[in-house]
>>> print(open('final_1.txt').read())   # compact mmCIF, C-alpha atoms
# COMPACT_ATOMS: atom_id res chain seq x y z
CA MET A 327 -238.32 108.90 18.86
CA MET A 328 -236.06 106.85 16.60
CA LEU A 329 -234.00 109.94 15.84
CA SER A 330 -233.64 110.77 19.52
CA TRP A 331 -232.55 107.20 20.29
CA TRP A 332 -230.02 107.31 17.45
CA TRP A 333 -228.39 110.47 18.74
CA GLN A 334 -228.17 108.93 22.20
CA VAL A 335 -226.27 105.98 20.71
CA VAL A 336 -224.00 108.33 18.77
CA ALA A 337 -223.33 110.33 21.96
CA VAL A 338 -222.41 107.17 23.87
CA VAL A 339 -220.08 106.04 21.08
CA VAL A 340 -218.43 109.44 20.87
CA TRP A 341 -218.02 109.54 24.66
CA ALA A 342 -216.51 106.04 24.69
CA ALA A 343 -214.14 106.93 21.85
CA ALA A 344 -213.09 110.09 23.69
CA ALA A 345 -212.54 108.12 26.89
CA THR A 346 -210.48 105.56 24.99
CA ARG A 347 -208.42 108.33 23.40
CA GLY A 348 -207.94 109.84 26.86
CA GLN A 349 -206.73 106.52 28.21
CA ASP A 350 -204.40 106.08 25.25
CA THR A 351 -203.08 109.61 25.77
CA LYS A 352 -202.51 108.98 29.48
CA ALA A 353 -200.77 105.70 28.74
CA ARG A 354 -198.63 107.39 26.09
CA ASP A 355 -197.79 110.27 28.44
CA SER A 356 -196.92 107.82 31.21
CA SER A 357 -194.60 105.97 28.84
CA VAL A 358 -192.89 109.21 27.83
CA VAL A 359 -192.45 110.26 31.47
CA SER A 360 -191.02 106.83 32.27
CA GLN A 361 -188.50 107.10 29.42
CA LEU A 362 -187.52 110.62 30.47
CA GLU A 363 -187.11 109.51 34.09
CA GLN A 364 -184.86 106.61 33.03
CA SER A 365 -182.74 109.00 30.97
CA LEU A 366 -182.48 111.38 33.93
CA LEU A 367 -181.56 108.54 36.31
CA SER A 368 -178.85 107.43 33.90
CA SER A 369 -177.38 110.94 33.79
CA PHE A 370 -177.37 110.92 37.61
CA GLY A 371 -175.48 107.64 37.63
CA LEU A 372 -178.45 105.69 39.02
CA LYS A 373 -179.51 102.29 37.72
CA GLN A 374 -183.05 102.40 39.03
CA ARG A 375 -185.56 104.70 40.68
CA PRO A 376 -184.56 105.21 44.34
CA ARG A 377 -186.95 104.40 47.13
CA SER A 378 -189.21 107.11 48.44
CA ALA A 379 -187.34 109.81 50.35
CA LYS A 380 -190.47 111.21 51.99
CA ASN A 381 -190.03 109.22 55.20
CA VAL A 382 -186.23 109.29 55.20
CA VAL A 383 -184.41 111.81 57.38
CA VAL A 384 -182.30 114.13 55.23
CA PRO A 385 -179.03 115.12 56.95
CA PRO A 386 -179.39 118.82 57.87
CA TYR A 387 -175.86 119.47 56.64
CA MET A 388 -176.79 118.33 53.11
CA LEU A 389 -179.72 120.76 53.08
CA GLU A 390 -177.37 123.46 54.34
CA LEU A 391 -174.93 122.68 51.54
CA PHE A 392 -177.73 122.85 48.97
CA GLN A 393 -178.90 126.24 50.21
CA ARG A 394 -175.32 127.50 50.26
CA HIS A 395 -174.80 126.42 46.64
CA GLN A 396 -178.08 128.01 45.61
CA GLN A 397 -176.95 131.32 47.10
CA GLN A 398 -173.53 131.09 45.48
CA GLN A 399 -175.04 130.40 42.06
CA GLN A 400 -177.45 133.33 42.39
CA GLN A 401 -174.65 135.66 43.45
CA GLN A 402 -172.47 134.49 40.54
CA GLN A 403 -175.34 134.92 38.09
CA GLN A 404 -175.96 138.45 39.31
CA LYS A 405 -172.25 139.22 39.11
CA ASP A 406 -172.03 137.90 35.54
CA GLN A 407 -175.04 139.94 34.47
CA ASP A 408 -173.67 143.10 36.09
CA GLN A 409 -170.25 142.68 34.47
CA GLY A 410 -171.62 141.48 31.13
CA GLN A 411 -169.06 138.69 30.88
CA LYS A 412 -168.81 136.52 27.82
CA GLU A 413 -169.36 132.78 27.94
CA GLU A 414 -166.41 130.69 29.04
CA ASP A 415 -165.92 127.32 30.66
CA VAL A 416 -165.06 127.07 34.34
CA PRO A 417 -161.99 124.83 34.69
CA ALA A 418 -162.70 121.34 36.03
CA THR A 419 -160.23 121.99 38.85
CA TYR A 420 -162.26 124.96 40.12
CA SER A 421 -164.19 123.32 42.98
CA PRO A 422 -166.05 120.11 43.89
CA ASN A 423 -169.38 119.72 42.12
CA THR A 424 -170.60 116.53 43.82
CA PHE A 425 -171.19 115.87 47.52
CA ARG A 426 -172.22 112.45 48.83
CA SER A 427 -173.25 111.69 52.39
CA PHE A 428 -172.76 108.35 54.16
CA ILE A 429 -173.93 107.16 57.56
CA HIS A 430 -172.66 104.37 59.78
CA LYS A 431 -175.12 101.47 59.88
CA GLU A 432 -175.38 100.53 63.52
CA SER A 433 -175.16 96.86 64.44
CA ALA A 434 -174.75 94.55 67.43
CA ALA A 435 -170.97 94.76 66.97
CA ASP A 436 -171.05 98.35 68.22
CA LYS A 437 -171.88 97.12 71.72
CA ILE A 438 -168.39 95.68 72.24
CA TYR A 439 -166.92 99.19 72.28
CA PRO A 440 -166.93 101.40 75.39
CA ALA A 441 -168.94 104.63 75.41
CA HIS A 442 -165.92 106.78 74.47
CA LYS A 443 -164.85 104.70 71.49
CA LEU A 444 -166.50 103.34 68.34
CA ARG A 445 -165.49 101.94 64.97
CA LEU A 446 -167.46 103.61 62.18
CA ARG A 447 -167.88 101.88 58.84
CA PHE A 448 -169.02 103.61 55.66
CA ASN A 449 -169.77 101.91 52.34
CA VAL A 450 -168.30 104.28 49.75
CA THR A 451 -168.51 101.91 46.78
CA THR A 452 -171.04 104.27 45.15
CA VAL A 453 -168.29 106.86 44.61
CA PRO A 454 -167.14 106.41 40.98
CA VAL A 455 -163.42 105.79 40.55
CA SER A 456 -163.53 108.15 37.56
CA GLU A 457 -164.38 111.13 39.79
CA GLU A 458 -161.58 113.11 41.36
CA LEU A 459 -161.70 113.03 45.15
CA ARG A 460 -161.15 116.50 46.55
CA SER A 461 -161.78 115.90 50.25
CA ALA A 462 -163.71 113.80 52.74
CA GLU A 463 -164.87 114.97 56.16
CA LEU A 464 -166.29 113.15 59.15
CA ARG A 465 -168.77 115.42 60.93
CA LEU A 466 -169.27 114.68 64.63
CA THR A 467 -171.84 116.50 66.75
CA HIS A 468 -171.30 117.28 70.42
CA LEU A 469 -173.88 118.82 72.73
CA GLN A 470 -173.37 120.77 75.91
CA HIS A 471 -172.69 118.31 78.73
CA PRO A 472 -175.45 118.35 81.40
CA ALA A 473 -172.83 118.67 84.17
CA ALA A 474 -170.94 121.52 82.47
CA PRO A 475 -171.85 125.19 82.92
CA GLN A 476 -172.71 127.44 80.00
CA LYS A 477 -169.55 128.80 78.42
CA MET A 478 -169.13 132.53 78.91
CA LYS A 479 -169.06 134.71 75.83
CA LYS A 480 -165.71 135.92 74.59
CA GLU A 481 -164.50 139.19 76.06
CA THR A 482 -164.70 142.17 73.77
CA PRO A 483 -161.55 144.23 73.12
CA SER A 484 -163.03 147.05 75.21
CA SER A 485 -163.56 144.82 78.28
CA PRO A 486 -161.32 145.83 81.19
CA ASN A 487 -158.65 143.25 81.87
CA THR A 488 -155.41 143.97 83.70
CA LEU A 489 -153.74 140.67 82.79
CA GLN A 490 -151.15 140.45 80.01
CA PRO A 491 -152.20 138.48 76.89
CA GLY A 492 -149.93 135.53 77.73
CA ARG A 493 -151.15 135.28 81.31
CA ARG A 494 -154.73 135.75 80.13
CA ARG A 495 -154.46 132.75 77.80
CA LYS A 496 -152.97 130.61 80.58
CA ARG A 497 -155.77 131.57 82.95
CA LYS A 498 -158.43 130.74 80.34
CA MET A 499 -156.71 127.43 79.67
CA ARG A 500 -156.79 126.53 83.37
CA GLU A 501 -160.46 127.48 83.57
CA SER A 502 -161.34 125.48 80.44
CA ALA A 503 -159.18 122.41 81.14
CA PRO A 504 -161.76 120.46 83.20
CA TYR A 505 -164.25 120.71 80.30
CA LEU A 506 -161.95 119.99 77.37
CA GLN A 507 -161.81 116.66 75.57
CA ARG A 508 -159.86 115.47 72.57
CA VAL A 509 -161.48 113.63 69.66
CA MET A 510 -159.16 111.43 67.63
CA VAL A 511 -159.97 109.49 64.49
CA TYR A 512 -157.81 106.61 63.29
CA ASP A 513 -157.70 104.81 59.96
CA VAL A 514 -158.03 101.05 60.61
CA LEU A 515 -155.32 99.68 58.33
CA ARG A 516 -155.57 96.13 59.69
CA LEU A 517 -158.17 94.46 61.89
CA ALA A 518 -157.29 92.89 65.22
CA THR A 519 -156.60 89.16 65.38
CA ARG A 520 -156.21 86.71 68.22
CA VAL A 521 -152.49 87.38 68.33
CA SER A 522 -152.20 91.01 67.31
CA GLU A 523 -153.76 94.40 67.94
CA PRO A 524 -155.37 96.37 65.11
CA LEU A 525 -153.02 98.51 63.03
CA LEU A 526 -154.13 102.13 63.31
CA ARG A 527 -152.98 105.40 61.76
CA LEU A 528 -154.01 108.74 63.20
CA LEU A 529 -155.89 110.80 60.60
CA ASP A 530 -157.04 113.88 62.49
CA THR A 531 -157.79 115.24 65.94
CA ARG A 532 -159.92 118.02 67.44
CA VAL A 533 -160.38 119.54 70.90
CA ILE A 534 -163.97 120.07 72.02
CA ASP A 535 -165.40 122.04 74.92
CA ALA A 536 -168.14 120.27 76.90
CA ARG A 537 -169.63 123.64 77.86
CA GLN A 538 -171.00 124.29 74.39
CA SER A 539 -172.59 122.48 71.45
CA GLY A 540 -171.04 122.27 68.02
CA VAL A 541 -169.95 120.16 65.08
CA GLN A 542 -166.38 119.04 64.49
CA SER A 543 -165.09 118.24 61.02
CA LEU A 544 -162.28 115.68 60.84
CA ASP A 545 -160.29 114.99 57.70
CA LEU A 546 -160.70 111.47 56.26
CA THR A 547 -159.47 112.22 52.74
CA ASP A 548 -156.52 109.80 52.72
CA ALA A 549 -158.58 106.91 54.05
CA VAL A 550 -161.52 107.45 51.69
CA ARG A 551 -159.19 107.77 48.70
CA ARG A 552 -157.79 104.34 49.49
CA TRP A 553 -161.25 102.85 50.08
CA VAL A 554 -162.50 104.07 46.71
CA ARG A 555 -159.43 102.71 44.93
CA ASP A 556 -159.42 99.38 46.82
CA PRO A 557 -162.70 98.60 48.66
CA ALA A 558 -161.14 95.52 50.31
CA THR A 559 -158.98 97.81 52.48
CA ASN A 560 -162.01 99.58 53.94
CA HIS A 561 -162.05 98.54 57.60
CA GLY A 562 -163.61 101.79 58.73
CA VAL A 563 -162.25 104.34 61.16
CA LEU A 564 -161.90 104.24 64.93
CA VAL A 565 -163.11 107.34 66.79
CA GLU A 566 -161.96 107.85 70.36
CA VAL A 567 -162.78 110.62 72.85
CA VAL A 568 -160.18 111.09 75.62
CA PRO A 569 -159.65 113.68 78.39
CA PHE A 570 -157.62 116.67 77.29
CA THR A 571 -155.88 116.92 80.66
CA LYS A 572 -155.83 114.97 83.93
CA THR A 573 -158.31 117.47 85.38
CA THR A 574 -160.98 116.53 82.82
CA ASN A 575 -163.47 114.31 84.61
CA LEU A 576 -166.62 114.45 82.42
CA ASP A 577 -167.90 111.42 80.54
CA THR A 578 -168.35 111.42 76.76
CA SER A 579 -172.13 111.07 76.64
CA HIS A 580 -172.46 114.47 74.96
CA VAL A 581 -170.39 113.38 71.93
CA ARG A 582 -172.74 111.68 69.50
CA LEU A 583 -170.78 108.64 68.36
CA ARG A 584 -173.93 106.54 68.49
CA ARG A 585 -177.62 107.27 68.86
CA SER A 586 -178.93 107.58 72.40
CA VAL A 587 -182.09 105.81 73.54
CA GLU A 588 -184.25 108.93 73.22
CA GLU A 589 -183.02 109.51 69.64
CA GLN A 590 -183.82 106.04 68.31
CA ASP A 591 -187.22 107.11 66.99
CA SER A 592 -187.03 110.90 66.91
CA GLY A 593 -184.30 111.54 64.37
CA LEU A 594 -180.78 111.10 63.13
CA ASP A 595 -179.66 114.72 63.16
CA HIS A 596 -176.73 114.07 65.49
CA GLN A 597 -175.34 110.86 64.04
CA PRO A 598 -171.81 110.79 62.57
CA LEU A 599 -171.87 111.81 58.92
CA LEU A 600 -169.23 111.22 56.27
CA VAL A 601 -169.37 113.72 53.41
CA VAL A 602 -167.25 113.02 50.32
CA HIS A 603 -166.43 115.95 47.99
CA THR A 604 -165.61 115.01 44.39
CA HIS A 605 -165.52 116.48 40.88
CA ASP A 606 -166.82 114.52 37.89
CA GLY A 607 -164.49 116.27 35.43
CA GLN A 608 -167.26 118.13 33.61
CA ALA A 609 -166.52 121.79 33.04
CA GLY A 610 -169.38 123.96 34.21
CA ARG A 611 -170.71 126.95 32.36
CA LYS A 612 -171.40 130.15 34.18
CA ARG A 613 -174.74 131.72 33.55
CA ARG A 614 -174.56 134.40 30.89
CA SER A 615 -176.76 137.29 29.92
CA VAL A 616 -179.25 136.64 27.14
CA ASP A 617 -179.02 138.42 23.82
CA LYS A 618 -180.68 141.81 24.15
CA HIS A 619 -181.65 142.11 20.48
CA ARG A 620 -185.34 142.19 19.73
CA LYS A 621 -186.75 139.15 18.01
CA THR A 622 -190.06 138.63 16.35
CA ARG A 623 -192.58 136.37 18.02
CA GLN A 624 -192.07 133.71 15.34
CA SER A 625 -188.26 133.73 15.32
CA CYS A 626 -186.09 131.35 17.33
CA ARG A 627 -186.05 132.41 20.96
CA ARG A 628 -186.24 131.18 24.56
CA HIS A 629 -189.63 130.37 26.08
CA SER A 630 -190.67 129.81 29.68
CA LEU A 631 -190.84 126.25 31.02
CA HIS A 632 -191.10 125.51 34.74
CA VAL A 633 -190.45 121.90 35.75
CA ASP A 634 -192.32 120.88 38.90
CA PHE A 635 -190.92 117.58 40.21
CA ARG A 636 -194.06 117.02 42.26
CA LYS A 637 -196.32 117.05 39.22
CA VAL A 638 -194.20 114.49 37.36
CA GLY A 639 -193.95 112.28 40.45
CA TRP A 640 -190.20 112.68 41.07
CA ASP A 641 -190.44 114.47 44.41
CA ASP A 642 -190.23 111.16 46.28
CA TRP A 643 -186.49 110.88 45.48
CA ILE A 644 -185.52 114.44 44.53
CA VAL A 645 -185.29 116.34 47.82
CA ALA A 646 -184.50 119.81 46.51
CA PRO A 647 -185.33 121.90 44.62
CA ALA A 648 -189.07 121.30 44.31
CA GLY A 649 -188.77 122.52 40.72
CA TYR A 650 -186.83 124.90 38.51
CA ASP A 651 -187.09 127.10 35.42
CA ALA A 652 -185.66 125.01 32.60
CA TYR A 653 -186.87 127.07 29.58
CA TYR A 654 -186.92 125.73 26.01
CA CYS A 655 -186.18 126.95 22.49
CA LYS A 656 -188.81 127.38 19.82
CA GLY A 657 -189.23 129.45 16.70
CA ASP A 658 -188.41 129.81 13.04
CA CYS A 659 -184.96 130.01 11.47
CA PRO A 660 -185.81 132.08 8.36
CA PHE A 661 -183.72 132.76 5.29
CA PRO A 662 -181.55 134.77 5.42
CA LEU A 663 -180.53 134.09 9.03
CA PRO A 664 -179.99 137.31 11.02
CA ASP A 665 -176.96 137.63 13.31
CA MET A 666 -179.12 137.75 16.43
CA LEU A 667 -180.07 134.09 15.95
CA ASN A 668 -176.50 132.94 16.74
CA ALA A 669 -176.41 130.70 13.69
CA THR A 670 -173.41 128.56 12.81
CA ASN A 671 -171.89 128.58 9.35
CA HIS A 672 -173.37 125.14 8.78
CA ALA A 673 -176.84 126.44 9.67
CA VAL A 674 -176.42 129.33 7.23
CA VAL A 675 -175.47 126.95 4.42
CA GLN A 676 -178.27 124.53 5.32
CA THR A 677 -180.82 127.36 5.30
CA LEU A 678 -179.52 128.54 1.93
CA VAL A 679 -179.88 125.07 0.40
CA ASN A 680 -183.34 124.72 1.96
CA SER A 681 -184.45 127.94 0.28
CA ARG A 682 -183.61 126.37 -3.08
CA TYR A 683 -184.52 122.73 -2.43
CA PRO A 684 -186.98 122.61 0.50
CA GLU A 685 -188.05 119.08 -0.37
CA ARG A 686 -184.48 117.77 0.02
CA VAL A 687 -183.04 119.64 2.99
CA PRO A 688 -184.96 120.81 6.10
CA LYS A 689 -184.51 124.20 7.72
CA ALA A 690 -182.01 124.73 10.53
CA CYS A 691 -183.44 123.94 13.94
CA CYS A 692 -183.98 126.26 16.88
CA VAL A 693 -181.96 124.70 19.71
CA PRO A 694 -180.24 125.72 22.97
CA THR A 695 -176.84 127.31 22.41
CA GLU A 696 -176.07 128.25 26.03
CA LEU A 697 -176.84 126.09 29.05
CA SER A 698 -176.16 126.45 32.75
CA PRO A 699 -176.18 124.02 35.69
CA ILE A 700 -178.36 123.72 38.77
CA SER A 701 -177.69 122.12 42.15
CA MET A 702 -179.86 119.12 43.01
CA LEU A 703 -180.11 117.16 46.25
CA TYR A 704 -181.48 113.66 45.74
CA MET A 705 -181.35 110.15 47.14
CA ASP A 706 -179.41 107.38 45.41
CA ASP A 707 -180.12 103.64 45.13
CA ASP A 708 -178.81 102.92 48.65
CA GLU A 709 -180.73 105.70 50.44
CA ARG A 710 -177.68 107.95 50.55
CA PHE A 711 -178.02 111.62 49.76
CA VAL A 712 -176.12 113.27 46.93
CA LEU A 713 -175.72 116.97 46.23
CA LYS A 714 -174.52 117.55 42.69
CA ASN A 715 -174.18 120.45 40.28
CA HIS A 716 -175.77 118.98 37.16
CA GLN A 717 -174.60 120.56 33.94
CA ASN A 718 -176.74 121.72 31.01
CA MET A 719 -180.04 121.89 32.89
CA VAL A 720 -181.16 125.48 32.17
CA VAL A 721 -181.43 127.06 28.73
CA GLU A 722 -179.74 130.45 28.72
CA GLY A 723 -179.66 131.18 24.98
CA CYS A 724 -181.16 129.87 21.75
CA GLY A 725 -179.92 129.82 18.19
CA CYS A 726 -180.23 128.12 14.82
CA ARG A 727 -178.17 125.00 14.25
>>> encode(input="final_1.txt", output="structure tokens")
Amino acid sequence: MMLSWWWQVVAVVVWAAAATRGQDTKARDSSVVSQLEQSLLSSFGLKQRPRSAKNVVVPPYMLELFQRHQQQQQQQQQKDQDQGQKEEDVPATYSPNTFRSFIHKESAADKIYPAHKLRLRFNVTTVPVSEELRSAELRLTHLQHPAAPQKMKKETPSSPNTLQPGRRRKRKMRESAPYLQRVMVYDVLRLATRVSEPLLRLLDTRVIDARQSGVQSLDLTDAVRRWVRDPATNHGVLVEVVPFTKTTNLDTSHVRLRRSVEEQDSGLDHQPLLVVHTHDGQAGRKRRSVDKHRKTRQSCRRHSLHVDFRKVGWDDWIVAPAGYDAYYCKGDCPFPLPDMLNATNHAVVQTLVNSRYPERVPKACCVPTELSPISMLYMDDDERFVLKNHQNMVVEGCGCR
């Protein structure tokens, strides 16, 4: 009986020790994850963990941009593999690698404007001055007007038409005129005062057809460039919708300058969206084919590693992708170092010295030698969405260094 009781005590002690070790391991793992998250946030230019994005409406255009970049990267990767290109840096002037979205925060001041006019204000202070501004677009959505008929499809070249091209265009213009409206966007250089009108400068204009839905992109590059350089000059932009001709008699309710009553709770898909395109100056690396030479299981090589943002608890601020194949490098750097291990001259010398004096000098390390970027869509500190091509995220090749 005493022996049985003793083993019960030992079992309880062992179980408690194991539980304590498990708690210590969990606490240690949590600390490591926290440190890694802080490092990742810092590389993203974020000071703290953003609020949860699960209940925040992601602008559909940002998701569209992300998917478009994913497709472009996959096509480029396939092209590089087919052509067997060697590694080279893509010039920093190649294309924008960062896209930030901004929305107008509605307020009581919006009520002083008529239905066809509104001043939109965007806080672009999160755009680093160090980044090169490539372009900025204001995206306005317009829906088919309830009082306008469905626009007929364009005539095919084979359609019979006895009118000459010039007369045909004039006839179409007369038919379309009652449904056409002009959207104009002005840079507010100076606010109105009691004695003077606001000082405006026309930035861009578009003609919209009330018979069909669509999205118009207006150029705000000059204004945003000034706002980033001198935030005090940011008085927003004035958007105005006016009739295209005297025969246009439709209201502007179909142009989404502000949210309608029925959209207050349902979504923000149609609200005005400012998208700023920049480049952070970092040269990207195109994905390259991996060395085809056979390597032993113990030698330095690339191993599979899939990062699932949901499992590490980052999916509440990283919108897309849900995860990605990061890979990692592991293996031995033996003496003598074979050519297939992509060793530097320094690694060769270090390995040579290690073979003679292992207690003084360690072996060369198996590390990534080729890295490629991925596109990530995430939310920043102010609940704005950022699409960025982050460099050096995927291991493409390993070697001894």
>>> residues_around(input="final_1.txt", residues="segment 642-655 of chain A", least_positions_apart="4", cutoff="7 Å", atoms="all atoms listed in the file", output="JSON, numbers by chain")
{"A": [376, 377, 378, 379, 380, 626, 627, 628, 629, 630, 631, 632, 633, 634, 635, 636, 692, 693, 694, 702, 703, 704, 705, 719, 720, 721, 724]}
>>> residues_around(input="final_1.txt", residues="Ser543 of chain A", least_positions_apart="3", cutoff="6 Å", atoms="all atoms listed in the file", output="list in words")
Glu463, Leu464 and Arg465 of chain A
>>> residues_around(input="final_1.txt", residues="Leu663 of chain A", least_positions_apart="6", cutoff="8 Å", atoms="all atoms listed in the file", output="ChimeraX atom specification")
/A:669,674,677
>>> closest_residue(input="final_1.txt", among="A:Gln403, A:Thr574, A:Ser456, A:Thr451", to="Asp707 of chain A", atoms="only C-alpha atoms")
A:Thr451
>>> residues_near_point(input="final_1.txt", point="(-170.2, 103.9, 79.8)", cutoff="9 Å", atoms="only C-alpha atoms", output="number ranges by chain")
A: 440-442, 577-579
>>> atom_distance(input="final_1.txt", atom1="atom CA of Thr573 of chain A", atom2="atom CA of Asp436 of chain A")
28.7 Å
>>> atom_distance(input="final_1.txt", atom1="atom CA of Arg710 of chain A", atom2="atom CA of Arg532 of chain A")
26.5 Å
>>> axis_aligned_box(input="final_1.txt", around="segment 646-659 of chain A", padding_each_side="5 Å", output="lines of an AutoDock Vina configuration file")
center_x = -186.9
center_y = 124.9
center_z = 29.0
size_x = 14.7
size_y = 20.2
size_z = 45.0
>>> atom_distance(input="final_1.txt", atom1="atom CA of Val567 of chain A", atom2="atom CA of Ala549 of chain A")
19.6 Å
>>> residues_around(input="final_1.txt", residues="Gly371 of chain A", least_positions_apart="6", cutoff="12 Å", atoms="only C-alpha atoms", output="JSON, numbers by chain")
{"A": [364, 365, 424, 452, 453, 454, 456, 457, 606, 704, 705, 706, 707, 712, 714, 716]}
>>> closest_residue(input="final_1.txt", among="A:His580, A:Asp513, A:Gln397, A:Val563", to="His468 of chain A", atoms="only C-alpha atoms")
A:His580
>>> residues_near_point(input="final_1.txt", point="(-161.5, 115.7, 50.7)", cutoff="10 Å", atoms="all atoms listed in the file", output="NGL selection string")
:A and (422 or 458-463 or 545-551 or 601-604)
>>> closest_residue(input="final_1.txt", among="A:Val533, A:Ala435, A:Leu446, A:Val581", to="Asn560 of chain A", atoms="only C-alpha atoms")
A:Leu446
>>> closest_residue(input="final_1.txt", among="A:Val565, A:Leu576, A:Leu469, A:Cys659", to="Ser539 of chain A", atoms="only C-alpha atoms")
A:Leu469
>>> closest_residue(input="final_1.txt", among="A:Gln401, A:Val521, A:Phe570, A:Arg375", to="Asp641 of chain A", atoms="all atoms listed in the file")
A:Arg375
>>> residues_around(input="final_1.txt", residues="Thr467 of chain A", least_positions_apart="4", cutoff="8 Å", atoms="all atoms listed in the file", output="list of chain:residue names")
A:Ser539, A:Gly540, A:Val541, A:Gln542, A:Val581, A:Arg582, A:His596, A:Gln597, A:Pro598
>>> closest_residue(input="final_1.txt", among="A:Tyr512, A:Phe392, A:Phe425, A:Tyr505", to="Arg445 of chain A", atoms="all atoms listed in the file")
A:Tyr512
>>> build_atoms(input="final_1.txt", residues="segment 626-640 of chain A", atoms="N, CA, C and O atoms", output="compact mmCIF listing (two decimals), in the coordinates of the input")
# COMPACT_ATOMS: atom_id res chain seq x y z
N CYS A 626 -186.66 132.24 16.31
CA CYS A 626 -186.09 131.35 17.33
C CYS A 626 -185.76 132.15 18.59
O CYS A 626 -185.01 133.13 18.54
N ARG A 627 -186.32 131.72 19.70
CA ARG A 627 -186.05 132.41 20.96
C ARG A 627 -186.35 131.49 22.14
O ARG A 627 -186.90 130.39 21.98
N ARG A 628 -186.03 131.95 23.35
CA ARG A 628 -186.24 131.18 24.56
C ARG A 628 -187.66 131.41 25.08
O ARG A 628 -188.14 132.54 25.11
N HIS A 629 -188.29 130.32 25.52
CA HIS A 629 -189.63 130.37 26.08
C HIS A 629 -189.62 129.83 27.51
O HIS A 629 -188.75 129.03 27.87
N SER A 630 -190.59 130.23 28.29
CA SER A 630 -190.67 129.81 29.68
C SER A 630 -191.09 128.35 29.79
O SER A 630 -191.97 127.88 29.06
N LEU A 631 -190.48 127.64 30.71
CA LEU A 631 -190.84 126.25 31.02
C LEU A 631 -190.42 125.98 32.46
O LEU A 631 -189.22 125.94 32.76
N HIS A 632 -191.39 125.83 33.34
CA HIS A 632 -191.10 125.51 34.74
C HIS A 632 -191.34 124.02 34.95
O HIS A 632 -192.42 123.51 34.65
N VAL A 633 -190.35 123.33 35.46
CA VAL A 633 -190.45 121.90 35.75
C VAL A 633 -190.76 121.73 37.23
O VAL A 633 -189.97 122.14 38.08
N ASP A 634 -191.91 121.15 37.52
CA ASP A 634 -192.32 120.88 38.90
C ASP A 634 -192.16 119.38 39.15
O ASP A 634 -192.90 118.57 38.58
N PHE A 635 -191.19 119.00 39.97
CA PHE A 635 -190.92 117.58 40.21
C PHE A 635 -192.09 116.88 40.90
O PHE A 635 -192.22 115.67 40.78
N ARG A 636 -192.91 117.64 41.61
CA ARG A 636 -194.06 117.02 42.26
C ARG A 636 -195.10 116.57 41.23
O ARG A 636 -195.71 115.52 41.39
N LYS A 637 -195.29 117.37 40.20
CA LYS A 637 -196.32 117.05 39.22
C LYS A 637 -195.94 115.86 38.35
O LYS A 637 -196.81 115.16 37.83
N VAL A 638 -194.62 115.64 38.16
CA VAL A 638 -194.20 114.49 37.36
C VAL A 638 -193.88 113.29 38.24
O VAL A 638 -193.44 112.25 37.75
N GLY A 639 -194.11 113.42 39.55
CA GLY A 639 -193.95 112.28 40.45
C GLY A 639 -192.52 111.95 40.81
O GLY A 639 -192.22 110.81 41.19
N TRP A 640 -191.61 112.94 40.74
CA TRP A 640 -190.20 112.68 41.07
C TRP A 640 -189.81 113.26 42.43
O TRP A 640 -188.66 113.16 42.84
